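Trainee: Sharing a structure here in C-alpha cells format.
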Amino acid sequence: MKVISLGWGIQSFTLAAMVALGELEPVDVAIHADTTHELLATYDFARRWTPWLEARGVRVVTVKPEKTSVVNQWGGVMIPAYSETQNGGVIRRQCTGNWKIAPMRRWLQTNRNRQPVEMWLGISLDEVQRMKDSGVQYITNRWPLIEKRMSRWDCRLWLDRHGLEIPPRSACVFCPFHSRSEWRDIRDNAPTDWKRAVEVDEAIRKARPPYDLFVNVQRKPLPECDLDGEIERGQLRLWDEECSGICGV
C-alpha cells in the first residue's frame, strides 16, 4: 500500500502533484493529518487543490487527532515550548506524535487490510538529516524527493514550471520552531493566526510551574518579542530534531 504523508507544504504537495501528472507511480492515498492548528493559508490551499489532485487520481483523506488541546487536562503541554529555566531548555514535544503520527496510523490500521505500507515523506535533499525509520514493522518510509536529488528550491521550480501554485509552509500557527521572519509574517499578514498564537502563548505560560513557558525562543510574551530585525538573531531552526519527518512538509 503506497501512501503520501500530505502536509500541504511545498515538498509533500510536489510529491502529490508528481503523482497526479504521472511523473511518479500511482499511490493508494494521500493522507493529511490535520492538527486543527494549521495556518489559515494552508487550509485555503488544501481546499483549492484537493479537487485538482482527486480529479487526477490522487485520493486525499484527512484525519484528525482525538484531542487537540495544547494544554491537556493534567497540565501537560503538547508543544516543545521554551522554558524560563536557568538553562533555558525546551520541553518534550508531544504534538507530532499525538496530532499527526497517531491519527495516520489509526487510519492505516483500519484500512490497509494487513498490507505493508510504503509511506512517502516529502523530505528534500537539503533536509536529509530528517530521514528516519518509521519505528513500526508495517510501515517502510520512502523519500522520493531524495531519490530525485531535489531540494526545496527544486520543488518550487518544478511547481512553477508546471503552472502550479506554491503552497505556504505547513506548520501550526504557534509552532515554537518558527523563525523570526515567519513570526513576523504571521503578525503582519495573518491577524487571525497571530491572535491564536498569542492566545496559546498565554495559555501555556503557567502550565508547568514553577517556570514560565513561551512559544518564542526569546522567552517573552509573543507581542513583546523583537521580530523586526533583519538578522535571525538567536532564532533556532530545529527541524533536524523533527519526529519522523512529518511536520513542516
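Residues in the C-alpha cells are numbered from 1 in each chain, the chains being A, B, ... in the order shown, and ligands are numbered from 1 in the order shown.
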Can you pull out the residues contacting Glu165 (chain A)? Cut-off 9 Å, using only C-alpha atoms, and skip same-chain residues under 4 positions away; I want them as a PDB file with N, CA and C atoms, in the first residue's frame.

Mentor:
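This is the output file out_14.pdb:
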```
ATOM      1  N   PHE A  45      -5.312  26.672   0.878  1.00  0.00           N
ATOM      2  CA  PHE A  45      -4.610  25.989  -0.207  1.00  0.00           C
ATOM      3  C   PHE A  45      -5.163  24.575  -0.389  1.00  0.00           C
ATOM      4  N   TRP A  49      -6.815  22.869  -3.833  1.00  0.00           N
ATOM      5  CA  TRP A  49      -6.054  21.900  -4.604  1.00  0.00           C
ATOM      6  C   TRP A  49      -6.439  20.444  -4.367  1.00  0.00           C
ATOM      7  N   LEU A 159       7.100  23.093  -9.435  1.00  0.00           N
ATOM      8  CA  LEU A 159       5.722  23.552  -9.375  1.00  0.00           C
ATOM      9  C   LEU A 159       5.497  24.732 -10.333  1.00  0.00           C
ATOM     10  N   ASP A 160       6.432  25.666 -10.328  1.00  0.00           N
ATOM     11  CA  ASP A 160       6.302  26.824 -11.204  1.00  0.00           C
ATOM     12  C   ASP A 160       6.337  26.410 -12.680  1.00  0.00           C
TER      13      ASP A 160
END
```

Trainee: Which residues are near Ala20 (chain A)? Cut-off 9 Å, only C-alpha atoms, ignore same chain within fewer than 5 positions. Put them as a list in words.

Mentor: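 Surrounding residues, per the criterion: Leu15, Pro26, Trp52, Leu53, Glu54, Ala55, Arg56, Gly57 and Val58 of chain A.
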
Trainee: What lies within 12 Å of Thr68 (chain A) using only C-alpha atoms, ignoring chain neighbours under 2 positions off, as number ranges by chain?

Mentor: A: 33-38, 64-66, 70-73, 77-79, 94-100, 103, 172

Trainee: For the contact check between region 50-154 of chain A and region 205-215 of chain A, emit one row per residue of region 50-154 of chain A within 7 Å, containing the shortest atom pair and the distance in Å rounded to one decimal, counting only C-alpha atoms, chain then rising number order, as CSV.

Mentor:
```
residue,atom,partner,partner_atom,distance
A:Gly75,CA,A:Ala207,CA,5.5
A:Ala81,CA,A:Val215,CA,5.2
A:Tyr82,CA,A:Phe214,CA,5.2
A:Ser83,CA,A:Leu213,CA,4.7
A:Glu84,CA,A:Asp212,CA,5.3
A:Thr85,CA,A:Tyr211,CA,6.1
```

Trainee: For the residues in that selection, give me N, CA and C atoms as a PDB file, in the first residue's frame.

Mentor:
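Output file selection20.pdb follows:
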```
ATOM      1  N   GLY A  75      -2.472  19.292  32.789  1.00  0.00           N
ATOM      2  CA  GLY A  75      -1.487  20.364  32.774  1.00  0.00           C
ATOM      3  C   GLY A  75      -0.305  20.102  31.877  1.00  0.00           C
ATOM      4  N   ALA A  81       7.675  23.885  23.919  1.00  0.00           N
ATOM      5  CA  ALA A  81       7.772  25.284  24.321  1.00  0.00           C
ATOM      6  C   ALA A  81       9.111  25.552  25.005  1.00  0.00           C
ATOM      7  N   TYR A  82       9.492  26.815  25.010  1.00  0.00           N
ATOM      8  CA  TYR A  82      10.730  27.241  25.650  1.00  0.00           C
ATOM      9  C   TYR A  82      10.461  27.526  27.122  1.00  0.00           C
ATOM     10  N   SER A  83      11.310  26.980  27.975  1.00  0.00           N
ATOM     11  CA  SER A  83      11.129  27.105  29.416  1.00  0.00           C
ATOM     12  C   SER A  83      12.029  28.201  29.979  1.00  0.00           C
ATOM     13  N   GLU A  84      11.480  28.956  30.907  1.00  0.00           N
ATOM     14  CA  GLU A  84      12.240  30.026  31.553  1.00  0.00           C
ATOM     15  C   GLU A  84      13.013  29.455  32.741  1.00  0.00           C
ATOM     16  N   THR A  85      13.829  28.468  32.453  1.00  0.00           N
ATOM     17  CA  THR A  85      14.675  27.876  33.490  1.00  0.00           C
ATOM     18  C   THR A  85      16.049  28.486  33.415  1.00  0.00           C
TER      19      THR A  85
END
```

Trainee: Residues near Ile139 (chain A), anyone? I mean within 10 Å using only C-alpha atoms, not counting same-chain ones fewer than 5 positions away, as a VMD selection string.

Mentor: chain A and resid 1 to 3 105 108 115 to 119 133 to 134

Trainee: Any chance you could export the current selection's N, CA and C atoms as a CSV table (one decimal), in the first residue's frame?

Mentor:
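Resulting contents of again_17.csv:
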```
chain,number,residue,atom,x,y,z
A,1,MET,N,0.9,-1.2,0.0
A,1,MET,CA,0.0,0.0,0.0
A,1,MET,C,0.9,1.2,0.0
A,2,LYS,N,0.8,2.1,-1.0
A,2,LYS,CA,1.6,3.3,-1.1
A,2,LYS,C,0.8,4.5,-0.6
A,3,VAL,N,1.4,5.3,0.3
A,3,VAL,CA,0.7,6.4,0.9
A,3,VAL,C,1.6,7.6,0.9
A,105,ARG,N,-1.8,6.5,11.7
A,105,ARG,CA,-1.6,5.1,11.9
A,105,ARG,C,-2.9,4.4,12.3
A,108,LEU,N,-4.5,3.9,8.9
A,108,LEU,CA,-3.9,2.9,8.2
A,108,LEU,C,-4.2,1.5,8.7
A,115,GLN,N,-1.9,-5.2,4.6
A,115,GLN,CA,-0.8,-5.0,3.7
A,115,GLN,C,0.3,-4.2,4.4
A,116,PRO,N,1.5,-4.4,4.0
A,116,PRO,CA,2.6,-3.4,4.4
A,116,PRO,C,2.4,-2.1,3.8
A,117,VAL,N,2.9,-1.1,4.4
A,117,VAL,CA,2.7,0.3,3.9
A,117,VAL,C,4.0,0.9,3.6
A,118,GLU,N,4.1,1.5,2.4
A,118,GLU,CA,5.2,2.3,1.9
A,118,GLU,C,4.8,3.8,2.1
A,119,MET,N,5.4,4.4,3.1
A,119,MET,CA,5.0,5.8,3.4
A,119,MET,C,5.9,6.8,2.7
A,133,ASP,N,13.6,6.0,10.2
A,133,ASP,CA,12.7,4.9,10.0
A,133,ASP,C,11.4,5.2,10.7
A,134,SER,N,10.4,4.4,10.3
A,134,SER,CA,9.1,4.6,10.9
A,134,SER,C,9.0,4.2,12.4
```

Trainee: Ranking A:Gly76, A:Gly122, A:Gly89, A:Pro51 by minimum distance to Phe13 (chain A) and counting only C-alpha atoms, which one comes first?

Mentor: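 Of A:Gly76, A:Gly122, A:Gly89, A:Pro51, the one nearest Phe13 (chain A) is A:Gly122, counting only C-alpha atoms.
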
Trainee: Identify, with DSSP run on backbone atoms, the residues in region 17-244 of chain A assigned to strand (DSSP E), and express the list as a list in words.

Mentor: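 Across region 17-244 of chain A, those assigned strand (DSSP E) are Val29, Ala30, Ile31, His32, Ala33, Val60, Val61, Thr62, Val63, Tyr82, Ser83, Val117, Glu118, Met119, Trp120, Ile139, Thr140, Asn141, Arg142, Leu213 and Phe214 of chain A.
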
Trainee: Run DSSP on the backbone and tell me which residues of region 36-234 of chain A come out as helix (DSSP H, G or I); list them as number ranges by chain.

Mentor: A: 40-55, 95-111, 125-130, 144-147, 152-161, 180-189, 191-204, 222-224

Trainee: Keeping only C-alpha atoms, write those residues as a short mmCIF file (atom, residue, chain, number, x, y, z; two decimals), in the first residue's frame.

Mentor:
```
data_model
loop_
_atom_site.label_atom_id
_atom_site.label_comp_id
_atom_site.auth_asym_id
_atom_site.auth_seq_id
_atom_site.Cartn_x
_atom_site.Cartn_y
_atom_site.Cartn_z
CA LEU A 40 -5.41 29.53 7.60
CA ALA A 41 -3.43 29.88 4.37
CA THR A 42 -2.70 26.14 4.47
CA TYR A 43 -6.39 25.28 4.86
CA ASP A 44 -7.25 27.63 1.98
CA PHE A 45 -4.61 25.99 -0.21
CA ALA A 46 -5.89 22.50 0.64
CA ARG A 47 -9.47 23.48 -0.27
CA ARG A 48 -8.32 24.77 -3.65
CA TRP A 49 -6.05 21.90 -4.60
CA THR A 50 -7.73 18.78 -3.18
CA PRO A 51 -10.23 18.68 -6.10
CA TRP A 52 -7.35 19.10 -8.58
CA LEU A 53 -5.47 16.12 -7.10
CA GLU A 54 -8.54 13.92 -6.87
CA ALA A 55 -9.55 14.68 -10.46
CA CYS A 95 2.38 17.28 19.27
CA THR A 96 3.82 15.43 16.27
CA GLY A 97 3.20 12.00 17.74
CA ASN A 98 -0.29 12.71 19.06
CA TRP A 99 -1.62 15.06 16.40
CA LYS A 100 -0.06 13.63 13.23
CA ILE A 101 1.50 10.19 13.53
CA ALA A 102 -1.15 8.55 15.73
CA PRO A 103 -4.19 9.61 13.62
CA MET A 104 -2.47 8.49 10.41
CA ARG A 105 -1.60 5.10 11.89
CA ARG A 106 -5.11 4.58 13.23
CA TRP A 107 -6.45 5.15 9.73
CA LEU A 108 -3.85 2.87 8.18
CA GLN A 109 -4.53 0.05 10.61
CA THR A 110 -8.22 0.24 9.77
CA ASN A 111 -7.75 0.44 6.00
CA LEU A 125 17.76 16.81 -0.41
CA ASP A 126 18.55 19.78 1.82
CA GLU A 127 16.85 18.03 4.78
CA VAL A 128 18.50 14.61 4.72
CA GLN A 129 19.03 14.79 8.48
CA ARG A 130 15.26 14.35 8.89
CA PRO A 144 11.11 10.15 -3.45
CA LEU A 145 12.48 13.71 -3.49
CA ILE A 146 15.79 12.44 -2.13
CA GLU A 147 15.79 9.77 -4.82
CA ARG A 152 13.10 22.50 -1.56
CA TRP A 153 14.06 25.08 -4.19
CA ASP A 154 13.89 22.41 -6.90
CA CYS A 155 10.33 21.68 -5.75
CA ARG A 156 9.42 25.34 -6.14
CA LEU A 157 10.90 25.36 -9.63
CA TRP A 158 9.05 22.16 -10.55
CA LEU A 159 5.72 23.55 -9.38
CA ASP A 160 6.30 26.82 -11.20
CA ARG A 161 7.34 25.01 -14.38
CA ARG A 180 11.87 35.29 13.31
CA SER A 181 10.77 36.11 9.76
CA GLU A 182 7.96 33.53 9.93
CA TRP A 183 6.67 35.02 13.17
CA ARG A 184 6.86 38.46 11.59
CA ASP A 185 4.94 37.29 8.54
CA ILE A 186 2.16 35.85 10.71
CA ARG A 187 1.97 39.04 12.79
CA ASP A 188 1.89 41.35 9.77
CA ASN A 189 -0.16 39.32 7.28
CA PRO A 191 -4.08 38.60 12.06
CA THR A 192 -6.39 35.69 12.87
CA ASP A 193 -3.44 33.28 13.08
CA TRP A 194 -1.46 35.79 15.14
CA LYS A 195 -4.33 36.17 17.61
CA ARG A 196 -4.47 32.38 18.01
CA ALA A 197 -0.70 32.18 18.52
CA VAL A 198 -0.85 34.86 21.22
CA GLU A 199 -3.71 33.01 22.94
CA VAL A 200 -1.73 29.76 23.00
CA ASP A 201 1.38 31.55 24.24
CA GLU A 202 -0.63 32.93 27.14
CA ALA A 203 -2.35 29.60 27.81
CA ILE A 204 0.91 27.69 28.31
CA LEU A 222 4.81 36.89 21.98
CA PRO A 223 3.62 40.51 21.45
CA GLU A 224 6.76 41.71 23.28
#
```

Trainee: Give the answer as one residue: which of A:Ser12, A:Pro80, A:Leu6, A:Cys175 has the shortest atom-to-atom distance to Ser124 (chain A), using only C-alpha atoms?

Mentor: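 Closest residue, counting only C-alpha atoms: A:Ser12.
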
Trainee: How many Å lie between CA of Ile166 (chain A) and CA of Arg93 (chain A), rounded to one decimal?

Mentor: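 Separating CA of Ile166 (chain A) from CA of Arg93 (chain A) is a distance of 28.7 Å.
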
Trainee: Rounded to one decimal in Å, what is the spacing between CA of Ile31 (chain A) and CA of Gly163 (chain A)?

Mentor: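 These atoms are spaced 23.7 Å apart.
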
Trainee: Using only C-alpha atoms, which of A:Ala16, A:Ile10, A:Val27, A:Val90 sits nearest Arg219 (chain A)?

Mentor: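 The answer is A:Val90, which sits nearest to Arg219 (chain A).
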
Trainee: Could you state the separation of CA of Leu121 (chain A) and CA of Ala30 (chain A) in Å, given to one decimal place?

Mentor: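 Straight-line distance from CA of Leu121 (chain A) to CA of Ala30 (chain A) works out to 10.5 Å.
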